[in-house]
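target_2.cif follows (mmCIF, N, CA and C atoms):
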```cif
data_target
loop_
_atom_site.label_atom_id
_atom_site.label_comp_id
_atom_site.auth_asym_id
_atom_site.auth_seq_id
_atom_site.Cartn_x
_atom_site.Cartn_y
_atom_site.Cartn_z
N MET A 1 66.64 30.27 49.14
CA MET A 1 67.77 29.54 49.69
C MET A 1 67.26 28.22 50.26
N THR A 2 67.90 27.14 49.89
CA THR A 2 67.49 25.84 50.41
C THR A 2 67.92 25.72 51.87
N VAL A 3 67.35 24.75 52.54
CA VAL A 3 67.71 24.51 53.94
C VAL A 3 69.19 24.14 54.02
N GLN A 4 69.63 23.31 53.10
CA GLN A 4 71.04 22.88 53.11
C GLN A 4 71.97 24.07 52.90
N ALA A 5 71.64 24.96 51.99
CA ALA A 5 72.47 26.14 51.74
C ALA A 5 72.48 27.06 52.96
N HIS A 6 71.33 27.21 53.60
CA HIS A 6 71.24 28.04 54.80
C HIS A 6 72.09 27.43 55.91
N LEU A 7 72.03 26.13 56.05
CA LEU A 7 72.81 25.42 57.05
C LEU A 7 74.31 25.63 56.81
N GLU A 8 74.73 25.51 55.57
CA GLU A 8 76.14 25.72 55.24
C GLU A 8 76.58 27.15 55.54
N SER A 9 75.71 28.09 55.25
CA SER A 9 76.00 29.50 55.54
C SER A 9 76.17 29.72 57.04
N LEU A 10 75.28 29.14 57.81
CA LEU A 10 75.37 29.27 59.28
C LEU A 10 76.64 28.62 59.81
N GLN A 11 77.00 27.49 59.25
CA GLN A 11 78.22 26.80 59.70
C GLN A 11 79.46 27.65 59.41
N LYS A 12 79.47 28.33 58.26
CA LYS A 12 80.58 29.22 57.93
C LYS A 12 80.64 30.39 58.92
N LYS A 13 79.47 30.94 59.26
CA LYS A 13 79.43 32.04 60.23
C LYS A 13 79.92 31.57 61.59
N HIS A 14 79.56 30.33 61.95
CA HIS A 14 79.97 29.78 63.24
C HIS A 14 81.50 29.64 63.29
N VAL A 15 82.09 29.16 62.22
CA VAL A 15 83.55 29.04 62.15
C VAL A 15 84.20 30.42 62.24
N ALA A 16 83.64 31.39 61.54
CA ALA A 16 84.19 32.75 61.57
C ALA A 16 84.12 33.33 62.98
N LEU A 17 83.01 33.07 63.68
CA LEU A 17 82.89 33.55 65.05
C LEU A 17 83.87 32.84 65.98
N GLU A 18 84.13 31.58 65.73
CA GLU A 18 85.12 30.84 66.52
C GLU A 18 86.49 31.48 66.36
N GLU A 19 86.83 31.85 65.13
CA GLU A 19 88.11 32.52 64.88
C GLU A 19 88.16 33.90 65.54
N GLU A 20 87.04 34.62 65.45
CA GLU A 20 86.97 35.94 66.08
C GLU A 20 87.12 35.81 67.60
N LEU A 21 86.45 34.83 68.16
CA LEU A 21 86.53 34.61 69.61
C LEU A 21 87.96 34.28 70.02
N HIS A 22 88.61 33.44 69.24
CA HIS A 22 90.00 33.08 69.55
C HIS A 22 90.87 34.34 69.54
N SER A 23 90.70 35.18 68.53
CA SER A 23 91.47 36.42 68.45
C SER A 23 91.20 37.33 69.64
N LEU A 24 89.95 37.43 70.03
CA LEU A 24 89.60 38.26 71.19
C LEU A 24 90.22 37.71 72.47
N MET A 25 90.23 36.40 72.60
CA MET A 25 90.74 35.78 73.82
C MET A 25 92.25 35.95 73.99
N ILE A 26 92.98 35.96 72.89
CA ILE A 26 94.44 36.07 73.00
C ILE A 26 94.92 37.51 72.96
N SER A 27 94.02 38.42 72.71
CA SER A 27 94.40 39.83 72.62
C SER A 27 94.83 40.35 74.00
N PRO A 28 95.95 41.06 74.05
CA PRO A 28 96.40 41.62 75.34
C PRO A 28 95.44 42.69 75.87
N SER A 29 94.72 43.34 74.99
CA SER A 29 93.76 44.37 75.44
C SER A 29 92.34 43.80 75.38
N ARG A 30 92.20 42.60 75.88
CA ARG A 30 90.93 41.87 75.82
C ARG A 30 89.80 42.64 76.51
N ASN A 31 88.67 42.70 75.82
CA ASN A 31 87.48 43.34 76.37
C ASN A 31 86.47 42.24 76.68
N ASP A 32 86.19 42.05 77.96
CA ASP A 32 85.31 40.94 78.38
C ASP A 32 83.90 41.07 77.81
N ASN A 33 83.45 42.30 77.60
CA ASN A 33 82.11 42.48 77.02
C ASN A 33 82.08 42.01 75.57
N GLU A 34 83.14 42.29 74.82
CA GLU A 34 83.21 41.83 73.43
C GLU A 34 83.27 40.30 73.38
N VAL A 35 84.04 39.71 74.28
CA VAL A 35 84.15 38.25 74.33
C VAL A 35 82.77 37.64 74.61
N ALA A 36 82.07 38.19 75.59
CA ALA A 36 80.76 37.68 75.96
C ALA A 36 79.77 37.81 74.80
N GLU A 37 79.80 38.95 74.11
CA GLU A 37 78.89 39.15 72.98
C GLU A 37 79.21 38.18 71.85
N CYS A 38 80.47 37.95 71.59
CA CYS A 38 80.87 37.00 70.55
C CYS A 38 80.39 35.59 70.91
N LYS A 39 80.54 35.22 72.16
CA LYS A 39 80.07 33.90 72.62
C LYS A 39 78.55 33.78 72.45
N ARG A 40 77.82 34.85 72.75
CA ARG A 40 76.35 34.82 72.60
C ARG A 40 75.96 34.65 71.14
N ARG A 41 76.62 35.40 70.25
CA ARG A 41 76.30 35.26 68.82
C ARG A 41 76.61 33.86 68.33
N LYS A 42 77.74 33.33 68.77
CA LYS A 42 78.14 31.98 68.37
C LYS A 42 77.12 30.95 68.86
N LEU A 43 76.66 31.11 70.09
CA LEU A 43 75.68 30.19 70.64
C LEU A 43 74.34 30.28 69.91
N ARG A 44 73.92 31.50 69.56
CA ARG A 44 72.66 31.66 68.81
C ARG A 44 72.74 30.94 67.46
N ILE A 45 73.88 31.07 66.80
CA ILE A 45 74.05 30.40 65.51
C ILE A 45 74.08 28.89 65.70
N LYS A 46 74.76 28.44 66.73
CA LYS A 46 74.81 26.99 67.00
C LYS A 46 73.40 26.45 67.26
N ASP A 47 72.61 27.18 68.03
CA ASP A 47 71.24 26.76 68.30
C ASP A 47 70.42 26.70 67.02
N GLU A 48 70.60 27.69 66.15
CA GLU A 48 69.86 27.69 64.89
C GLU A 48 70.30 26.52 64.00
N ILE A 49 71.59 26.22 63.99
CA ILE A 49 72.09 25.07 63.23
C ILE A 49 71.44 23.79 63.73
N GLU A 50 71.39 23.63 65.03
CA GLU A 50 70.79 22.43 65.62
C GLU A 50 69.29 22.33 65.29
N ARG A 51 68.58 23.47 65.33
CA ARG A 51 67.16 23.47 64.98
C ARG A 51 66.96 23.05 63.53
N LEU A 52 67.77 23.61 62.65
CA LEU A 52 67.66 23.26 61.24
C LEU A 52 67.97 21.78 61.00
N LYS A 53 69.02 21.30 61.64
CA LYS A 53 69.38 19.88 61.47
C LYS A 53 68.26 18.98 61.96
N SER A 54 67.65 19.31 63.09
CA SER A 54 66.60 18.45 63.62
C SER A 54 65.34 18.50 62.77
N SER A 55 65.06 19.65 62.15
CA SER A 55 63.87 19.74 61.30
C SER A 55 64.14 19.18 59.91
N PHE A 56 65.40 19.15 59.52
CA PHE A 56 65.80 18.66 58.19
C PHE A 56 65.81 17.14 58.13
N HIS A 57 66.15 16.51 59.24
CA HIS A 57 66.24 15.03 59.27
C HIS A 57 64.98 14.40 59.74
#
```
Let me see the structure of the file written as structure tokens.
Amino acid sequence: MTVQAHLESLQKKHVALEEELHSLMISPSRNDNEVAECKRRKLRIKDEIERLKSSFH
């Protein structure tokens, strides 16, 4: 997998996590632990995207 393809894959995962987070936040039976875990996963992916971008350029 090329760096660019990996980056695109991570960006898609980040968008999917954003949608998941939004769904969790508006849910009437919101579980704060699930929200926190989703935010952590999203942040890890964002950090990896930034690392790849900085090493790619």
Test item: the PyMOL selection byres ((chain A and resi 39-43) around 8) resolved as an MDAnalysis selection string: chainID A and resid 13:15 17:18 21 33:38 44:49
Explicit residue set for the PyMOL selection byres (((chain A and resi 56 and name CA) around 12) and name CA), as a ChimeraX atom specification: /A:2-7,48-55,57
Two-atom distance - atom C of Asp32 in chain A, CA of Glu20 in chain A (Å):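 Between these atoms lies a distance of 13.2 Å.
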